[in-house]
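A.B. asks: Structure file work11.csv (CSV, C-alpha atoms) is given on the next line.
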```
chain,number,residue,atom,x,y,z
A,29,MET,CA,120.8,85.0,110.6
A,30,ASN,CA,117.9,83.6,112.5
A,31,ILE,CA,118.8,80.1,113.7
A,32,ASN,CA,116.0,79.6,116.1
A,33,LYS,CA,112.4,78.5,115.8
A,34,THR,CA,109.8,81.3,116.1
A,35,ASP,CA,108.0,82.0,119.3
A,36,ALA,CA,104.2,81.5,118.8
A,37,ALA,CA,103.6,84.9,120.5
A,38,LYS,CA,105.7,86.5,117.7
A,39,ASP,CA,104.4,84.5,114.8
A,40,PRO,CA,102.1,86.8,112.8
A,41,LEU,CA,102.4,84.7,109.6
A,42,GLY,CA,101.4,81.5,111.4
A,43,ALA,CA,98.5,83.2,113.1
A,44,MET,CA,97.2,84.7,109.9
A,45,LEU,CA,97.5,81.4,108.0
A,46,LEU,CA,95.6,79.5,110.7
A,47,GLU,CA,92.8,82.1,110.7
A,48,TYR,CA,92.5,81.9,107.0
A,49,MET,CA,92.4,78.1,107.0
A,50,HIS,CA,89.7,78.2,109.7
A,51,GLY,CA,87.4,80.4,107.6
A,52,ASN,CA,88.5,84.0,107.9
A,53,ILE,CA,89.4,84.4,104.2
A,54,GLY,CA,89.9,88.2,104.2
A,55,VAL,CA,93.0,88.2,106.3
A,56,SER,CA,96.4,89.6,105.4
A,57,ILE,CA,99.7,90.4,106.9
A,58,THR,CA,101.7,93.6,106.8
A,59,VAL,CA,105.4,93.5,106.0
A,60,GLU,CA,107.5,96.5,107.0
A,61,ALA,CA,110.9,96.8,105.3
A,62,GLU,CA,113.8,99.1,105.9
A,63,ASN,CA,114.5,100.1,102.4
A,64,PHE,CA,111.8,98.6,100.2
A,65,GLU,CA,108.1,99.6,99.9
A,66,MET,CA,106.3,96.4,100.7
A,67,THR,CA,102.7,95.4,100.1
A,68,THR,CA,100.4,93.3,102.3
A,69,MET,CA,100.6,89.5,102.0
A,70,THR,CA,97.1,87.9,101.8
A,71,GLY,CA,96.0,84.6,103.1
A,72,ALA,CA,94.5,83.9,99.7
A,73,THR,CA,97.9,84.3,98.0
A,74,MET,CA,99.6,82.0,100.5
A,75,PHE,CA,97.0,79.3,99.9
A,76,ARG,CA,97.0,79.6,96.1
A,77,GLU,CA,96.4,76.5,94.0
A,78,TYR,CA,98.9,75.3,91.4
A,79,SER,CA,96.8,77.0,88.6
A,80,GLU,CA,97.2,80.4,90.4
A,81,MET,CA,101.0,80.1,90.7
A,82,GLU,CA,103.5,82.1,88.6
A,83,GLN,CA,105.1,80.3,85.7
A,84,LEU,CA,108.4,80.5,87.5
A,85,GLU,CA,106.9,78.5,90.4
A,86,GLN,CA,105.3,75.9,88.2
A,87,HIS,CA,108.6,75.5,86.3
A,88,ALA,CA,110.5,74.9,89.6
A,89,LEU,CA,107.9,72.4,90.8
A,90,ALA,CA,108.3,70.5,87.5
A,91,LEU,CA,112.1,70.3,88.0
A,92,CYS,CA,111.8,68.8,91.5
A,93,LYS,CA,113.1,65.2,91.7
A,94,GLY,CA,113.9,62.5,94.3
A,95,LYS,CA,113.7,63.4,98.0
A,96,ILE,CA,112.6,67.1,98.2
A,97,LEU,CA,113.1,69.6,101.0
A,98,ASP,CA,110.6,72.5,100.8
A,99,VAL,CA,112.3,75.3,102.7
A,100,GLY,CA,110.0,77.9,104.4
A,101,ALA,CA,107.0,75.8,103.4
A,102,GLY,CA,104.5,78.3,104.9
A,103,SER,CA,100.9,77.2,104.0
A,104,GLY,CA,102.3,74.2,102.2
A,105,CYS,CA,101.0,75.1,98.7
A,106,HIS,CA,104.2,73.8,97.0
A,107,SER,CA,104.5,70.7,99.3
A,108,LEU,CA,100.9,69.8,98.8
A,109,PHE,CA,101.1,69.9,95.0
A,110,LEU,CA,104.3,67.8,95.0
A,111,GLN,CA,102.8,65.3,97.5
A,112,GLN,CA,99.7,65.0,95.2
A,113,GLN,CA,102.1,64.2,92.3
A,114,GLY,CA,103.4,61.3,94.4
A,115,LYS,CA,106.7,63.0,95.3
A,116,ASP,CA,108.6,62.4,98.5
A,117,VAL,CA,108.5,66.0,100.0
A,118,HIS,CA,109.5,67.2,103.4
A,119,ALA,CA,108.1,70.6,104.5
A,120,LEU,CA,110.3,72.7,106.7
A,121,ASP,CA,109.3,75.9,108.6
A,122,ILE,CA,110.4,77.7,111.8
A,123,SER,CA,106.9,79.1,112.4
A,124,PRO,CA,104.7,77.0,114.9
A,125,GLY,CA,101.6,78.3,113.2
A,126,CYS,CA,102.8,77.3,109.8
A,127,VAL,CA,103.7,73.9,111.1
A,128,GLN,CA,100.2,73.5,112.5
A,129,VAL,CA,98.8,74.5,109.1
A,130,LEU,CA,101.1,72.0,107.3
A,131,ASN,CA,100.0,69.2,109.7
A,132,GLU,CA,96.3,70.1,109.3
A,133,ARG,CA,96.7,70.0,105.5
A,134,LYS,CA,98.0,66.5,105.9
A,135,ILE,CA,101.6,67.1,104.6
A,136,GLN,CA,103.2,63.7,105.4
A,137,HIS,CA,106.6,64.9,106.5
A,138,VAL,CA,106.7,68.2,108.4
A,139,ILE,CA,109.9,69.5,110.1
A,140,HIS,CA,109.7,72.3,112.7
A,141,GLN,CA,113.3,73.5,112.4
A,142,ASN,CA,115.5,76.2,111.0
A,143,LEU,CA,117.3,75.1,107.8
A,144,PHE,CA,120.7,75.7,109.3
A,145,SER,CA,120.0,73.4,112.3
A,146,LEU,CA,119.3,70.3,110.1
A,147,LYS,CA,121.8,67.5,110.2
A,148,THR,CA,123.0,65.4,107.2
A,149,CYS,CA,119.8,64.6,105.3
A,150,GLN,CA,120.8,63.9,101.6
A,151,TYR,CA,118.0,65.6,99.7
A,152,ASN,CA,118.0,65.4,95.9
A,153,THR,CA,116.2,68.7,95.6
A,154,VAL,CA,116.2,71.7,98.0
A,155,LEU,CA,113.3,73.9,97.0
A,156,MET,CA,113.5,77.6,98.1
A,157,LEU,CA,110.7,79.5,96.5
A,158,MET,CA,109.2,82.9,97.4
A,159,ASN,CA,112.7,84.3,97.6
A,160,GLY,CA,113.8,81.5,99.9
A,161,ILE,CA,117.5,82.4,99.5
A,162,GLY,CA,116.4,85.5,101.5
A,163,ILE,CA,117.0,83.6,104.7
A,164,CYS,CA,120.8,84.2,104.2
A,165,GLY,CA,120.0,87.7,105.4
A,166,THR,CA,123.1,89.4,103.9
A,167,VAL,CA,125.5,88.8,101.0
A,168,ASP,CA,128.1,87.5,103.5
A,169,GLY,CA,125.4,85.1,104.6
A,170,LEU,CA,125.6,83.4,101.2
A,171,HIS,CA,129.1,82.1,102.2
A,172,PHE,CA,127.6,80.4,105.2
A,173,PHE,CA,124.8,79.0,103.0
A,174,PHE,CA,127.1,77.5,100.4
A,175,GLN,CA,129.4,76.1,103.1
A,176,PHE,CA,126.4,74.4,104.8
A,177,ILE,CA,124.3,73.2,101.9
A,178,PRO,CA,126.6,70.2,101.0
A,179,THR,CA,125.6,68.5,104.2
A,180,LEU,CA,122.0,68.4,102.9
A,181,LEU,CA,122.5,67.5,99.3
A,182,ALA,CA,122.7,64.0,98.0
A,183,GLU,CA,125.2,63.3,95.2
A,184,GLY,CA,123.9,65.0,92.1
A,185,GLY,CA,121.4,67.0,94.2
A,186,GLN,CA,120.1,70.5,93.2
A,187,ILE,CA,118.9,73.7,94.8
A,188,LEU,CA,116.0,75.5,93.1
A,189,VAL,CA,115.8,79.1,94.2
A,190,ASP,CA,114.1,82.3,93.1
A,191,SER,CA,114.9,85.9,93.9
A,192,THR,CA,114.5,89.4,92.5
A,193,ASP,CA,117.3,91.6,91.3
A,194,PRO,CA,117.5,94.5,93.9
A,195,PHE,CA,118.9,96.8,91.3
A,196,VAL,CA,115.6,96.4,89.4
A,197,LEU,CA,113.5,96.6,92.6
A,198,ASP,CA,115.3,99.8,93.7
A,199,GLY,CA,115.9,101.3,90.4
A,200,ILE,CA,119.6,101.6,91.1
A,201,SER,CA,122.1,101.6,88.3
A,202,ARG,CA,124.8,99.0,88.8
A,203,GLU,CA,127.4,101.6,87.7
A,204,ASP,CA,126.4,103.8,90.7
A,205,TYR,CA,126.9,100.9,93.2
A,206,HIS,CA,130.3,100.5,94.8
A,207,PRO,CA,131.1,97.2,96.5
A,208,SER,CA,132.2,99.1,99.7
A,209,GLU,CA,128.6,100.2,100.1
A,210,ILE,CA,125.8,98.2,101.7
A,211,TYR,CA,124.5,95.8,99.1
A,212,PRO,CA,121.1,97.2,98.0
A,213,GLY,CA,119.4,93.8,98.4
A,214,GLU,CA,120.0,93.6,102.2
A,215,THR,CA,117.0,94.7,104.3
A,216,ASP,CA,115.3,94.1,107.6
A,217,PHE,CA,111.7,93.0,107.9
A,218,ILE,CA,109.0,93.1,110.6
A,219,MET,CA,105.8,91.2,110.0
A,220,LYS,CA,102.6,92.3,111.7
A,221,TYR,CA,99.2,90.7,112.0
A,222,LYS,CA,96.6,92.3,114.3
A,223,LYS,CA,98.5,92.8,117.6
A,224,ILE,CA,101.1,90.2,116.8
A,225,SER,CA,104.5,91.5,115.6
A,226,SER,CA,107.5,89.4,114.6
A,227,GLU,CA,111.1,90.1,115.7
A,228,GLN,CA,113.0,92.2,113.2
A,229,PHE,CA,114.8,89.8,110.8
A,230,SER,CA,117.3,90.3,108.0
A,231,TRP,CA,116.4,89.3,104.5
A,232,LEU,CA,118.2,89.3,101.2
A,233,TYR,CA,117.3,89.9,97.6
A,234,VAL,CA,120.2,89.0,95.4
A,235,ASP,CA,120.9,89.6,91.7
A,236,PHE,CA,121.7,86.5,89.6
A,237,ASP,CA,125.3,87.5,88.8
A,238,THR,CA,126.1,87.9,92.5
A,239,LEU,CA,124.4,84.6,93.4
A,240,GLN,CA,126.3,82.8,90.6
A,241,SER,CA,129.7,84.2,91.6
A,242,PHE,CA,129.2,83.0,95.2
A,243,ALA,CA,128.0,79.6,94.0
A,244,GLU,CA,131.1,79.2,91.8
A,245,PHE,CA,133.4,80.4,94.5
A,246,HIS,CA,132.2,77.5,96.6
A,247,GLY,CA,132.4,75.0,93.8
A,248,PHE,CA,128.8,74.9,92.5
A,249,GLN,CA,127.3,75.6,89.1
A,250,CYS,CA,124.5,78.1,89.0
A,251,GLU,CA,122.2,78.4,86.0
A,252,ARG,CA,119.4,80.9,85.4
A,253,ILE,CA,116.4,78.9,84.3
A,254,ILE,CA,113.8,81.7,83.9
A,255,ALA,CA,114.1,85.5,84.0
A,256,GLY,CA,111.1,87.7,84.4
A,257,SER,CA,110.5,91.2,83.3
A,258,ASP,CA,110.5,92.7,86.8
A,259,GLY,CA,113.9,91.4,87.8
A,260,GLU,CA,112.7,88.1,89.2
A,261,TYR,CA,114.4,84.8,88.2
A,262,LEU,CA,114.6,81.1,88.9
A,263,ALA,CA,118.1,79.6,89.4
A,264,LYS,CA,119.3,76.0,89.6
A,265,ILE,CA,122.4,75.4,91.7
A,266,HIS,CA,124.2,72.0,91.6
A,267,SER,CA,127.7,70.6,92.0
A,268,HIS,CA,130.1,70.3,89.1
A,269,SER,CA,129.9,66.5,89.3
A,270,HIS,CA,126.2,66.8,88.5
```
Output the file's structure as C-alpha cells, nothing else.
C.D. replies:
Amino acid sequence: MNINKTDAAKDPLGAMLLEYMHGNIGVSITVEAENFEMTTMTGATMFREYSEMEQLEQHALALCKGKILDVGAGSGCHSLFLQQQGKDVHALDISPGCVQVLNERKIQHVIHQNLFSLKTCQYNTVLMLMNGIGICGTVDGLHFFFQFIPTLLAEGGQILVDSTDPFVLDGISREDYHPSEIYPGETDFIMKYKKISSEQFSWLYVDFDTLQSFAEFHGFQCERIIAGSDGEYLAKIHSHSH
C-alpha cells in the first residue's frame, strides 16, 4: 500500500494533466497492468464535464452531503462540480502535478497527502470514484481500510465508492475460483507518459459481495446503489447507526 506522496519525477499522471490544462489537448497516459489489458487514459477524459460523466458518477455526486473528501481527485472534475453546487469539498491527491492542477482550477481546499496519512477529520462523505477503493491494493488491504476509515467519518457519515467486478473483467467463473488462489482483482500498475514512468503500485478491483462482506465484518453496512452491465457498480458504505 503506497503511503507516501508521489515524487514529481515519477508522476506521469500529473505531468500529463498539466500539459493538457496548458493547451496540449491530445495527450494521454499509458497504463500497464500485470493481469488486465488496459487502455490509454486521455487528458480529455480526465477533464470531462458533468454532462460527459457516466450515470454512476452523476448519481454518486448527487448523494454527496455535508463536508466531502474527494479521494484521488486527479484533475478535480468531481470536486469542481461539487464546489460549483456550493458544497464543502476537500480534494485529496498524492500527485504533485494533480495538486498543481487542482490549485490552478481554483479548488478551494486541496490536500497533498495520502488518504492513510490523514488525521481525524470528520467528513460526512468520503467520495472514491474512478475505482477509488483500488488504493487498498489487495483484498487484505480492505481490512486496513475499514479499520482506518472511522477516524475520517463524522457520525452518520458515508463512503461512496465504485469498482468493477474482476470476475466480469477477467471472464472468470466464480465457481472456478478458490479462496486459496490470488484474488483475480489484485493487480500491479505502472503508468507512463512520454519519458516519465511511475513506480509500480498495487491496485484492487473488488466484486460487490466481497466488498460487502469485508464492510459487514468491520461493522459497516454496504449497499449497492447502481449496477452496470459490464460489472461496474456504485456502493454506499455507512455505519449501522446511520
A.B. asks: Give me the residues within 12 Å of A:Leu143 as a ChimeraX atom specification, counting all atoms listed in the file and dropping any in the same chain fewer than 4 places off.
C.D. replies: /A:29-33,97-101,118-122,139,147-149,154-156,160-161,163-164,172-173,176-177,179-180
A.B. asks: Kindly provide the residues of stretch 208-258 of chain A that approach stretch 42-58 of chain A to within 12 Å, each paired with its closest atom pair and their distance in Å to one decimal, based on only C-alpha atoms, listed by chain and increasing number, as JSON lines.
C.D. replies:
```
{"residue": "A:Phe217", "atom": "CA", "partner": "A:Thr58", "partner_atom": "CA", "distance": 10.1}
{"residue": "A:Ile218", "atom": "CA", "partner": "A:Thr58", "partner_atom": "CA", "distance": 8.2}
{"residue": "A:Met219", "atom": "CA", "partner": "A:Thr58", "partner_atom": "CA", "distance": 5.7}
{"residue": "A:Lys220", "atom": "CA", "partner": "A:Thr58", "partner_atom": "CA", "distance": 5.1}
{"residue": "A:Tyr221", "atom": "CA", "partner": "A:Ile57", "partner_atom": "CA", "distance": 5.1}
{"residue": "A:Lys222", "atom": "CA", "partner": "A:Ile57", "partner_atom": "CA", "distance": 8.2}
{"residue": "A:Lys223", "atom": "CA", "partner": "A:Ala43", "partner_atom": "CA", "distance": 10.6}
{"residue": "A:Ile224", "atom": "CA", "partner": "A:Ala43", "partner_atom": "CA", "distance": 8.3}
{"residue": "A:Ser225", "atom": "CA", "partner": "A:Thr58", "partner_atom": "CA", "distance": 9.5}
{"residue": "A:Ser226", "atom": "CA", "partner": "A:Gly42", "partner_atom": "CA", "distance": 10.5}
```
A.B. asks: Would you output that residue set with C-alpha atoms, as a short mmCIF file (atom, residue, chain, number, x, y, z; two decimals), in the frame of the given file?
C.D. replies:
```cif
data_model
loop_
_atom_site.label_atom_id
_atom_site.label_comp_id
_atom_site.auth_asym_id
_atom_site.auth_seq_id
_atom_site.Cartn_x
_atom_site.Cartn_y
_atom_site.Cartn_z
CA PHE A 217 111.70 93.00 107.90
CA ILE A 218 109.00 93.10 110.60
CA MET A 219 105.80 91.20 110.00
CA LYS A 220 102.60 92.30 111.70
CA TYR A 221 99.20 90.70 112.00
CA LYS A 222 96.60 92.30 114.30
CA LYS A 223 98.50 92.80 117.60
CA ILE A 224 101.10 90.20 116.80
CA SER A 225 104.50 91.50 115.60
CA SER A 226 107.50 89.40 114.60
#
```
A.B. asks: Just give me the gap between atom CA of A:Ser145 and atom CA of A:Asn63 in Å, one decimal is fine.
C.D. replies: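 Distance reported for this atom pair: 29.0 Å.
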A.B. asks: Please report the interatomic distance between atom CA of A:His87 and atom CA of A:Gln128 in Å with one decimal.
C.D. replies: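 Result for atom CA of A:His87 versus atom CA of A:Gln128: 27.6 Å, one decimal.
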A.B. asks: To one decimal in Å, tell me the separation between atom CA of A:Val189 and atom CA of A:Asn159.
C.D. replies: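 Between atom CA of A:Val189 and atom CA of A:Asn159 the gap works out to 6.9 Å.
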A.B. asks: Please list as a PyMOL selection string every residue within 8 Å of stretch 251-256 of chain A, counting all atoms listed in the file and excluding residues in the same chain fewer than 2 positions away.
C.D. replies: chain A and resi 84+236+240+249+258-265
A.B. asks: Using all atoms listed in the file, pick whichever of A:Tyr211, A:Phe109, A:Phe64, A:Phe229 has the shortest atom-to-atom distance to A:Tyr78.
C.D. replies: A:Phe109
A.B. asks: Given the choices A:Cys105, A:Gly114, A:Pro40, A:Met66, which gets closest to A:Glu80 if the distance is worked out from all atoms listed in the file?
C.D. replies: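 Residue with the minimum atom-to-atom distance to A:Glu80: A:Cys105.
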A.B. asks: Considering all atoms listed in the file, can you say which of A:Gln86, A:Gln150, A:Thr70, A:Thr238 comes closest to A:Phe195?
C.D. replies: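 Looking at the shortest contact to A:Phe195, the residue is A:Thr238.
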A.B. asks: So, with only C-alpha atoms as the atoms that count, which of A:Cys92, A:Ile200, A:Ala182, A:Gly102 lies closest to A:Phe75?
C.D. replies: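 Between A:Cys92, A:Ile200, A:Ala182, A:Gly102, the residue approaching A:Phe75 most closely is A:Gly102.
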A.B. asks: I'd like to know which of A:Gly94, A:Gly213, A:Gly165, A:Gly104 is closest to A:Glu183, using all atoms listed in the file.
C.D. replies: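 Smallest separation from A:Glu183 among the options: A:Gly94.
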A.B. asks: For a quick check of understanding, using all atoms listed in the file, which of A:His266, A:His171, A:Arg76, A:Lys115 has the smallest distance to A:Ala90?
C.D. replies: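 Selected residue with least distance to A:Ala90: A:Lys115.
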A.B. asks: Any idea what's packed within 6 Å of A:Pro194, counting all atoms listed in the file, ignoring anything in its chain fewer than 2 positions away? Could you give it as an MDAnalysis selection string?
C.D. replies: chainID A and resid 196:198 213 233
